[in-house]
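Asker: Here it is, the structure, as structure tokens.
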Amino acid sequence: MPHDLEPDVLRLELVELGDAFRAYQQRTGPDLVLLAHLHERKARAFALWADVSGDGSLRHEAKRAEKAAQTTREMHANRGGQAAGDTVSGDGPVVERLLTRQQAVHARTVLDYVAAHARRPEAEVRLAVLMLTLRAARAGTGNITGQDLTGWLPGNAERVLQHLVADGWLRLPGTVAEVMASRSEDPTAITVPTLLPERPRPFGFGKTTRARISG
């Protein structure tokens, strides 16, 4: 969009952008390429809006959207195992070291916890225990949506969640079906009893770190 656009054109772009984000939230699974595009589009729109209105807060929102787009692109690259540069042997991707020594210690602690508490051997169950542990690491509770679960466990989410509840590792405020139907605007609050504050803490992190540990 050019900088000399008419206000009505910008207003229409903002309305369409809002509709696009709401449509994305209704998807049954994540599409990080699409989400990065939406964040980039939002950054451009808010930067132009800031130019038109002179509102500094809109400029701040534009920068936030730019950062969100960059983070989403990096997440997509990590999921796809894309090369981080030259390869050692020429036929495989380089694994970029993203963790500090202390972060690696925390990661090992979490993996040890998963190995001890995933009561079923299936890989899907272990993955669910890992992801839900990260969501609840701070205080034993956390929020999830159906989109989270189907993104982690396409085709198996409902069955795995039922196993975790039946095993007593996970508590839900309602039914598994209700969790699967929950959306980002109304997530489900889960409880992992072994991570509640009154229990011995298995981790040395979570009280002072930011809530989105899984990030």
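In the structure tokens, chains take the letters A, B, ... in the order shown, each chain's residues start at 1, and ligands count up from 1 in the order shown.
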What's around range 57-60 of chain A at 7 Å? Count only C-alpha atoms, leave out sequence neighbours fewer than 6 positions away in its own chain, and write the answer as a PyMOL selection string.
Answerer: chain A and resi 46-47+49-50
Asker: Just write the chosen residues, N, CA, C and O atoms, as a compact mmCIF listing (two decimals), in the first residue's frame.
Answerer:
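Final output, saved to out04.txt:
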```txt
# COMPACT_ATOMS: atom_id res chain seq x y z
N PHE A 46 -0.38 -0.90 10.33
CA PHE A 46 -0.28 -0.04 11.51
C PHE A 46 0.77 1.04 11.30
O PHE A 46 0.63 2.16 11.81
N ALA A 47 1.84 0.74 10.57
CA ALA A 47 2.84 1.77 10.28
C ALA A 47 2.23 2.88 9.43
O ALA A 47 2.46 4.08 9.68
N TRP A 49 -0.98 3.60 9.27
CA TRP A 49 -1.97 4.27 10.12
C TRP A 49 -1.28 5.28 11.02
O TRP A 49 -1.78 6.39 11.26
N ALA A 50 -0.09 4.91 11.53
CA ALA A 50 0.67 5.84 12.37
C ALA A 50 1.10 7.06 11.57
O ALA A 50 1.08 8.20 12.07
```
Asker: Could you give me, as a compact mmCIF listing (two decimals) with all heavy atoms, in the first residue's frame, the residues within 12 Å of range 118-133 of chain A, counting only C-alpha atoms and dropping anything in the same chain fewer than 5 positions from it?
Answerer:
```
# COMPACT_ATOMS: atom_id res chain seq x y z
N ALA A 107 16.15 -28.03 30.26
CA ALA A 107 15.53 -28.90 29.26
C ALA A 107 15.68 -30.37 29.67
O ALA A 107 14.73 -31.15 29.55
CB ALA A 107 16.16 -28.66 27.89
N ARG A 108 16.86 -30.75 30.15
CA ARG A 108 17.07 -32.13 30.59
C ARG A 108 16.18 -32.46 31.78
O ARG A 108 15.63 -33.57 31.87
CB ARG A 108 18.55 -32.32 30.95
CG ARG A 108 18.89 -33.69 31.57
CD ARG A 108 18.41 -34.83 30.72
NE ARG A 108 19.00 -34.81 29.40
CZ ARG A 108 18.63 -35.64 28.42
NH1 ARG A 108 17.65 -36.50 28.62
NH2 ARG A 108 19.22 -35.58 27.25
N THR A 109 16.00 -31.51 32.69
CA THR A 109 15.13 -31.73 33.85
C THR A 109 13.69 -32.00 33.42
O THR A 109 13.02 -32.90 33.94
CB THR A 109 15.17 -30.51 34.79
OG1 THR A 109 16.52 -30.28 35.21
CG2 THR A 109 14.31 -30.75 36.03
N VAL A 110 13.23 -31.21 32.46
CA VAL A 110 11.87 -31.40 31.95
C VAL A 110 11.74 -32.77 31.28
O VAL A 110 10.75 -33.50 31.50
CB VAL A 110 11.49 -30.29 30.97
CG1 VAL A 110 10.15 -30.57 30.31
CG2 VAL A 110 11.43 -28.94 31.68
N LEU A 111 12.72 -33.15 30.47
CA LEU A 111 12.66 -34.44 29.78
C LEU A 111 12.70 -35.60 30.77
O LEU A 111 12.02 -36.62 30.58
CB LEU A 111 13.81 -34.55 28.78
CG LEU A 111 13.73 -33.58 27.59
CD1 LEU A 111 14.98 -33.71 26.73
CD2 LEU A 111 12.48 -33.84 26.76
N ASP A 112 13.46 -35.46 31.84
CA ASP A 112 13.49 -36.49 32.89
C ASP A 112 12.13 -36.60 33.56
O ASP A 112 11.65 -37.70 33.87
CB ASP A 112 14.56 -36.17 33.92
CG ASP A 112 15.97 -36.37 33.40
OD1 ASP A 112 16.13 -37.04 32.36
OD2 ASP A 112 16.92 -35.85 34.03
N TYR A 113 11.49 -35.44 33.79
CA TYR A 113 10.16 -35.44 34.40
C TYR A 113 9.16 -36.16 33.47
O TYR A 113 8.35 -36.97 33.93
CB TYR A 113 9.70 -34.01 34.65
CG TYR A 113 8.25 -33.89 35.06
CD1 TYR A 113 7.89 -34.01 36.40
CD2 TYR A 113 7.26 -33.67 34.12
CE1 TYR A 113 6.55 -33.91 36.78
CE2 TYR A 113 5.93 -33.58 34.48
CZ TYR A 113 5.58 -33.70 35.82
OH TYR A 113 4.25 -33.61 36.18
N ARG A 138 4.80 -23.24 35.70
CA ARG A 138 4.90 -22.15 36.67
C ARG A 138 4.15 -22.47 37.96
O ARG A 138 4.69 -22.32 39.05
CB ARG A 138 4.37 -20.85 36.07
CG ARG A 138 4.38 -19.67 37.05
CD ARG A 138 3.79 -18.43 36.41
NE ARG A 138 4.66 -17.89 35.38
CZ ARG A 138 5.62 -16.99 35.62
NH1 ARG A 138 5.83 -16.55 36.85
NH2 ARG A 138 6.36 -16.52 34.64
N ALA A 139 2.90 -22.91 37.86
CA ALA A 139 2.08 -23.08 39.07
C ALA A 139 1.20 -24.31 39.03
O ALA A 139 0.31 -24.46 39.85
CB ALA A 139 1.21 -21.84 39.28
N GLY A 140 1.45 -25.20 38.09
CA GLY A 140 0.64 -26.41 38.02
C GLY A 140 -0.63 -26.25 37.21
O GLY A 140 -1.38 -27.21 37.05
N THR A 141 -0.86 -25.05 36.69
CA THR A 141 -2.04 -24.80 35.87
C THR A 141 -1.61 -24.06 34.60
O THR A 141 -0.56 -23.41 34.57
CB THR A 141 -3.09 -23.95 36.61
OG1 THR A 141 -2.49 -22.69 36.98
CG2 THR A 141 -3.57 -24.67 37.86
N GLY A 142 -2.43 -24.16 33.58
CA GLY A 142 -2.15 -23.48 32.33
C GLY A 142 -3.34 -23.53 31.42
O GLY A 142 -4.34 -24.20 31.72
N ASN A 143 -3.27 -22.83 30.31
CA ASN A 143 -4.37 -22.78 29.35
C ASN A 143 -4.00 -23.49 28.06
O ASN A 143 -2.88 -23.38 27.58
CB ASN A 143 -4.73 -21.32 29.03
CG ASN A 143 -5.36 -20.62 30.21
OD1 ASN A 143 -6.03 -21.23 31.03
ND2 ASN A 143 -5.14 -19.32 30.31
N ILE A 144 -4.97 -24.21 27.50
CA ILE A 144 -4.79 -24.85 26.21
C ILE A 144 -6.06 -24.67 25.39
O ILE A 144 -7.13 -24.38 25.93
CB ILE A 144 -4.46 -26.35 26.31
CG1 ILE A 144 -5.59 -27.10 27.03
CG2 ILE A 144 -3.12 -26.58 26.96
CD1 ILE A 144 -5.42 -28.60 26.97
N THR A 145 -5.94 -24.86 24.10
CA THR A 145 -7.09 -24.82 23.19
C THR A 145 -7.10 -26.08 22.35
O THR A 145 -6.11 -26.82 22.28
CB THR A 145 -7.01 -23.60 22.26
OG1 THR A 145 -5.90 -23.77 21.36
CG2 THR A 145 -6.85 -22.31 23.04
N ASP A 148 -4.32 -25.98 19.86
CA ASP A 148 -3.03 -26.40 20.39
C ASP A 148 -2.89 -27.92 20.25
O ASP A 148 -1.89 -28.43 19.74
CB ASP A 148 -2.90 -26.03 21.87
CG ASP A 148 -2.79 -24.54 22.11
OD1 ASP A 148 -2.26 -23.84 21.23
OD2 ASP A 148 -3.22 -24.09 23.18
N LEU A 149 -3.90 -28.63 20.73
CA LEU A 149 -3.84 -30.09 20.79
C LEU A 149 -3.79 -30.72 19.41
O LEU A 149 -3.02 -31.65 19.17
CB LEU A 149 -5.03 -30.61 21.59
CG LEU A 149 -5.01 -30.24 23.08
CD1 LEU A 149 -6.38 -30.43 23.71
CD2 LEU A 149 -3.98 -31.09 23.82
N THR A 150 -4.61 -30.23 18.49
CA THR A 150 -4.59 -30.81 17.15
C THR A 150 -3.31 -30.44 16.41
O THR A 150 -2.88 -31.18 15.51
CB THR A 150 -5.81 -30.34 16.35
OG1 THR A 150 -5.87 -28.90 16.34
CG2 THR A 150 -7.09 -30.88 16.95
N GLY A 151 -2.70 -29.32 16.78
CA GLY A 151 -1.41 -28.97 16.18
C GLY A 151 -0.31 -29.90 16.65
O GLY A 151 0.56 -30.30 15.88
N TRP A 152 -0.34 -30.26 17.94
CA TRP A 152 0.66 -31.17 18.48
C TRP A 152 0.41 -32.61 18.05
O TRP A 152 1.35 -33.35 17.75
CB TRP A 152 0.66 -31.13 20.01
CG TRP A 152 0.91 -29.80 20.62
CD1 TRP A 152 1.58 -28.75 20.06
CD2 TRP A 152 0.49 -29.35 21.92
NE1 TRP A 152 1.60 -27.68 20.92
CE2 TRP A 152 0.95 -28.00 22.07
CE3 TRP A 152 -0.21 -29.93 22.96
CZ2 TRP A 152 0.71 -27.26 23.23
CZ3 TRP A 152 -0.45 -29.19 24.12
CH2 TRP A 152 0.01 -27.87 24.25
N LEU A 153 -0.86 -33.01 18.08
CA LEU A 153 -1.22 -34.42 17.91
C LEU A 153 -2.32 -34.59 16.88
O LEU A 153 -3.44 -35.00 17.21
CB LEU A 153 -1.68 -35.00 19.26
CG LEU A 153 -0.71 -34.87 20.43
CD1 LEU A 153 -1.43 -35.14 21.74
CD2 LEU A 153 0.44 -35.85 20.25
N PRO A 154 -2.07 -34.28 15.63
CA PRO A 154 -3.12 -34.41 14.62
C PRO A 154 -3.66 -35.82 14.53
O PRO A 154 -2.91 -36.77 14.34
CB PRO A 154 -2.42 -33.98 13.33
CG PRO A 154 -0.96 -34.15 13.60
CD PRO A 154 -0.78 -33.87 15.05
N GLY A 155 -4.97 -35.96 14.71
CA GLY A 155 -5.61 -37.26 14.61
C GLY A 155 -5.63 -38.07 15.89
O GLY A 155 -6.35 -39.06 15.99
N ASN A 156 -4.82 -37.68 16.89
CA ASN A 156 -4.72 -38.47 18.12
C ASN A 156 -5.01 -37.68 19.39
O ASN A 156 -4.96 -38.23 20.48
CB ASN A 156 -3.31 -39.08 18.25
CG ASN A 156 -2.99 -40.05 17.15
OD1 ASN A 156 -3.73 -40.99 16.91
ND2 ASN A 156 -1.87 -39.81 16.47
N ALA A 157 -5.27 -36.39 19.25
CA ALA A 157 -5.34 -35.52 20.43
C ALA A 157 -6.40 -35.97 21.43
O ALA A 157 -6.13 -36.05 22.64
CB ALA A 157 -5.61 -34.08 19.99
N GLU A 158 -7.60 -36.24 20.97
CA GLU A 158 -8.68 -36.58 21.90
C GLU A 158 -8.38 -37.88 22.65
O GLU A 158 -8.57 -37.96 23.87
CB GLU A 158 -10.00 -36.70 21.14
CG GLU A 158 -11.21 -36.84 22.05
CD GLU A 158 -12.52 -36.64 21.31
OE1 GLU A 158 -12.48 -36.34 20.10
OE2 GLU A 158 -13.58 -36.76 21.94
N ARG A 159 -7.90 -38.88 21.95
CA ARG A 159 -7.57 -40.16 22.59
C ARG A 159 -6.46 -39.99 23.62
O ARG A 159 -6.56 -40.51 24.74
CB ARG A 159 -7.13 -41.16 21.53
CG ARG A 159 -6.67 -42.50 22.10
CD ARG A 159 -6.24 -43.45 21.00
NE ARG A 159 -5.13 -42.90 20.22
CZ ARG A 159 -3.85 -43.00 20.62
NH1 ARG A 159 -3.55 -43.58 21.78
NH2 ARG A 159 -2.89 -42.49 19.87
N VAL A 160 -5.41 -39.25 23.29
CA VAL A 160 -4.30 -39.05 24.21
C VAL A 160 -4.76 -38.28 25.45
O VAL A 160 -4.40 -38.61 26.58
CB VAL A 160 -3.15 -38.30 23.52
CG1 VAL A 160 -2.09 -37.86 24.52
CG2 VAL A 160 -2.51 -39.18 22.44
N LEU A 161 -5.58 -37.25 25.25
CA LEU A 161 -6.07 -36.47 26.38
C LEU A 161 -6.90 -37.35 27.32
O LEU A 161 -6.79 -37.23 28.55
CB LEU A 161 -6.91 -35.30 25.86
CG LEU A 161 -7.00 -34.06 26.77
CD1 LEU A 161 -5.61 -33.49 27.01
CD2 LEU A 161 -7.90 -33.01 26.14
N GLN A 162 -7.70 -38.22 26.76
CA GLN A 162 -8.50 -39.13 27.58
C GLN A 162 -7.60 -40.05 28.41
O GLN A 162 -7.88 -40.33 29.58
CB GLN A 162 -9.42 -39.95 26.68
CG GLN A 162 -10.57 -39.15 26.09
CD GLN A 162 -11.35 -39.92 25.04
OE1 GLN A 162 -10.86 -40.89 24.47
NE2 GLN A 162 -12.58 -39.48 24.78
N HIS A 163 -6.49 -40.51 27.82
CA HIS A 163 -5.55 -41.35 28.56
C HIS A 163 -4.95 -40.59 29.75
O HIS A 163 -4.86 -41.14 30.86
CB HIS A 163 -4.41 -41.80 27.64
CG HIS A 163 -4.80 -42.88 26.67
ND1 HIS A 163 -5.76 -43.83 26.94
CD2 HIS A 163 -4.33 -43.17 25.42
CE1 HIS A 163 -5.88 -44.65 25.91
NE2 HIS A 163 -5.03 -44.27 24.97
N LEU A 164 -4.54 -39.34 29.51
CA LEU A 164 -3.90 -38.57 30.58
C LEU A 164 -4.87 -38.30 31.72
O LEU A 164 -4.48 -38.31 32.89
CB LEU A 164 -3.37 -37.25 30.01
CG LEU A 164 -2.25 -37.37 28.97
CD1 LEU A 164 -1.83 -36.00 28.48
CD2 LEU A 164 -1.06 -38.13 29.54
N VAL A 165 -6.13 -38.05 31.39
CA VAL A 165 -7.14 -37.84 32.43
C VAL A 165 -7.40 -39.14 33.18
O VAL A 165 -7.48 -39.16 34.42
CB VAL A 165 -8.44 -37.28 31.82
CG1 VAL A 165 -9.55 -37.22 32.87
CG2 VAL A 165 -8.20 -35.89 31.24
N ALA A 166 -7.55 -40.23 32.46
CA ALA A 166 -7.82 -41.53 33.08
C ALA A 166 -6.68 -41.96 34.00
O ALA A 166 -6.90 -42.57 35.05
CB ALA A 166 -8.06 -42.59 32.00
N ASP A 167 -5.44 -41.61 33.63
CA ASP A 167 -4.28 -41.97 34.44
C ASP A 167 -4.13 -41.08 35.67
O ASP A 167 -3.28 -41.34 36.53
CB ASP A 167 -3.01 -41.87 33.60
CG ASP A 167 -2.94 -42.95 32.52
OD1 ASP A 167 -3.68 -43.95 32.62
OD2 ASP A 167 -2.16 -42.78 31.56
N GLY A 168 -4.92 -40.00 35.74
CA GLY A 168 -4.85 -39.10 36.88
C GLY A 168 -3.74 -38.07 36.80
O GLY A 168 -3.54 -37.30 37.73
N TRP A 169 -3.02 -38.03 35.66
CA TRP A 169 -1.93 -37.05 35.53
C TRP A 169 -2.47 -35.66 35.25
O TRP A 169 -1.85 -34.66 35.63
CB TRP A 169 -0.98 -37.47 34.42
CG TRP A 169 0.20 -36.55 34.29
CD1 TRP A 169 1.33 -36.55 35.05
CD2 TRP A 169 0.34 -35.47 33.36
NE1 TRP A 169 2.17 -35.54 34.65
CE2 TRP A 169 1.59 -34.85 33.62
CE3 TRP A 169 -0.46 -34.96 32.33
CZ2 TRP A 169 2.05 -33.76 32.89
CZ3 TRP A 169 -0.01 -33.87 31.61
CH2 TRP A 169 1.23 -33.29 31.88
N LEU A 170 -3.62 -35.59 34.60
CA LEU A 170 -4.19 -34.31 34.16
C LEU A 170 -5.61 -34.17 34.66
O LEU A 170 -6.38 -35.13 34.66
CB LEU A 170 -4.18 -34.25 32.63
CG LEU A 170 -4.70 -32.97 31.97
CD1 LEU A 170 -3.75 -31.82 32.24
CD2 LEU A 170 -4.87 -33.18 30.47
N ARG A 171 -5.96 -32.95 35.10
CA ARG A 171 -7.33 -32.64 35.50
C ARG A 171 -7.90 -31.58 34.57
O ARG A 171 -7.21 -30.62 34.22
CB ARG A 171 -7.37 -32.10 36.94
CG ARG A 171 -7.00 -33.11 38.02
CD ARG A 171 -7.05 -32.43 39.38
NE ARG A 171 -6.50 -33.28 40.42
CZ ARG A 171 -6.17 -32.84 41.65
NH1 ARG A 171 -6.36 -31.55 41.93
NH2 ARG A 171 -5.67 -33.66 42.53
N ALA A 189 -8.67 -24.12 31.12
CA ALA A 189 -7.67 -24.11 32.19
C ALA A 189 -7.43 -25.55 32.65
O ALA A 189 -8.35 -26.21 33.13
CB ALA A 189 -8.16 -23.26 33.36
N ILE A 190 -6.22 -26.02 32.49
CA ILE A 190 -5.86 -27.39 32.88
C ILE A 190 -5.09 -27.37 34.19
O ILE A 190 -4.51 -26.34 34.57
CB ILE A 190 -5.02 -28.08 31.80
CG1 ILE A 190 -3.70 -27.31 31.60
CG2 ILE A 190 -5.80 -28.22 30.51
CD1 ILE A 190 -2.66 -28.08 30.81
N THR A 191 -5.05 -28.51 34.87
CA THR A 191 -4.28 -28.65 36.10
C THR A 191 -3.45 -29.93 36.03
O THR A 191 -3.96 -30.99 35.66
CB THR A 191 -5.20 -28.74 37.33
OG1 THR A 191 -5.98 -27.54 37.43
CG2 THR A 191 -4.38 -28.90 38.61
N VAL A 192 -2.17 -29.79 36.35
CA VAL A 192 -1.28 -30.94 36.48
C VAL A 192 -0.96 -31.07 37.97
O VAL A 192 -0.15 -30.30 38.50
CB VAL A 192 0.01 -30.75 35.65
CG1 VAL A 192 0.95 -31.95 35.84
CG2 VAL A 192 -0.33 -30.57 34.18
N PRO A 193 -1.61 -32.01 38.68
CA PRO A 193 -1.47 -32.08 40.14
C PRO A 193 -0.03 -32.16 40.63
O PRO A 193 0.31 -31.56 41.66
CB PRO A 193 -2.27 -33.35 40.49
CG PRO A 193 -3.29 -33.46 39.40
CD PRO A 193 -2.58 -33.00 38.16
N THR A 194 0.83 -32.89 39.95
CA THR A 194 2.21 -33.04 40.43
C THR A 194 3.01 -31.75 40.34
O THR A 194 4.12 -31.67 40.90
CB THR A 194 2.94 -34.13 39.63
OG1 THR A 194 2.88 -33.81 38.23
CG2 THR A 194 2.30 -35.49 39.86
N LEU A 195 2.46 -30.73 39.65
CA LEU A 195 3.18 -29.46 39.52
C LEU A 195 2.57 -28.35 40.37
O LEU A 195 3.04 -27.21 40.30
CB LEU A 195 3.18 -29.02 38.05
CG LEU A 195 3.92 -29.93 37.07
CD1 LEU A 195 3.77 -29.42 35.65
CD2 LEU A 195 5.39 -30.07 37.45
N LEU A 196 1.55 -28.66 41.15
CA LEU A 196 0.92 -27.65 42.00
C LEU A 196 1.91 -27.16 43.06
O LEU A 196 2.77 -27.93 43.51
CB LEU A 196 -0.34 -28.21 42.66
CG LEU A 196 -1.52 -28.45 41.71
CD1 LEU A 196 -2.64 -29.20 42.43
CD2 LEU A 196 -2.02 -27.15 41.13
N PRO A 202 9.49 -30.01 40.98
CA PRO A 202 10.46 -30.81 40.23
C PRO A 202 11.44 -29.97 39.43
O PRO A 202 12.45 -30.47 38.97
CB PRO A 202 9.58 -31.64 39.30
CG PRO A 202 8.38 -30.77 39.07
CD PRO A 202 8.16 -30.02 40.35
N PHE A 203 11.13 -28.66 39.28
CA PHE A 203 11.95 -27.80 38.44
C PHE A 203 12.51 -26.64 39.24
O PHE A 203 11.90 -26.20 40.21
CB PHE A 203 11.15 -27.23 37.27
CG PHE A 203 10.37 -28.25 36.50
CD1 PHE A 203 9.03 -28.07 36.24
CD2 PHE A 203 11.00 -29.39 36.04
CE1 PHE A 203 8.32 -29.02 35.53
CE2 PHE A 203 10.30 -30.35 35.33
CZ PHE A 203 8.94 -30.17 35.08
N GLY A 206 10.45 -21.34 36.68
CA GLY A 206 9.00 -21.19 36.60
C GLY A 206 8.46 -20.11 37.50
O GLY A 206 7.44 -19.50 37.20
N ARG A 212 5.35 -17.79 29.42
CA ARG A 212 5.39 -18.60 28.21
C ARG A 212 6.71 -19.37 28.11
O ARG A 212 7.53 -19.16 27.22
CB ARG A 212 5.16 -17.74 26.98
CG ARG A 212 3.74 -17.20 26.90
CD ARG A 212 3.53 -16.41 25.64
NE ARG A 212 3.73 -17.23 24.44
CZ ARG A 212 2.80 -17.99 23.89
NH1 ARG A 212 1.60 -18.06 24.43
NH2 ARG A 212 3.06 -18.69 22.80
N ILE A 213 6.93 -20.27 29.09
CA ILE A 213 8.17 -21.04 29.12
C ILE A 213 8.30 -21.86 27.85
O ILE A 213 9.39 -22.07 27.34
CB ILE A 213 8.19 -21.95 30.37
CG1 ILE A 213 8.19 -21.07 31.62
CG2 ILE A 213 9.40 -22.86 30.37
CD1 ILE A 213 8.03 -21.85 32.89
N SER A 214 7.17 -22.35 27.31
CA SER A 214 7.25 -23.20 26.13
C SER A 214 7.82 -22.46 24.95
O SER A 214 8.27 -23.07 23.98
CB SER A 214 5.85 -23.73 25.78
OG SER A 214 4.94 -22.66 25.55
N GLY A 215 7.81 -21.11 24.97
CA GLY A 215 8.39 -20.35 23.87
C GLY A 215 9.90 -20.42 23.88
O GLY A 215 10.53 -20.08 22.89
```
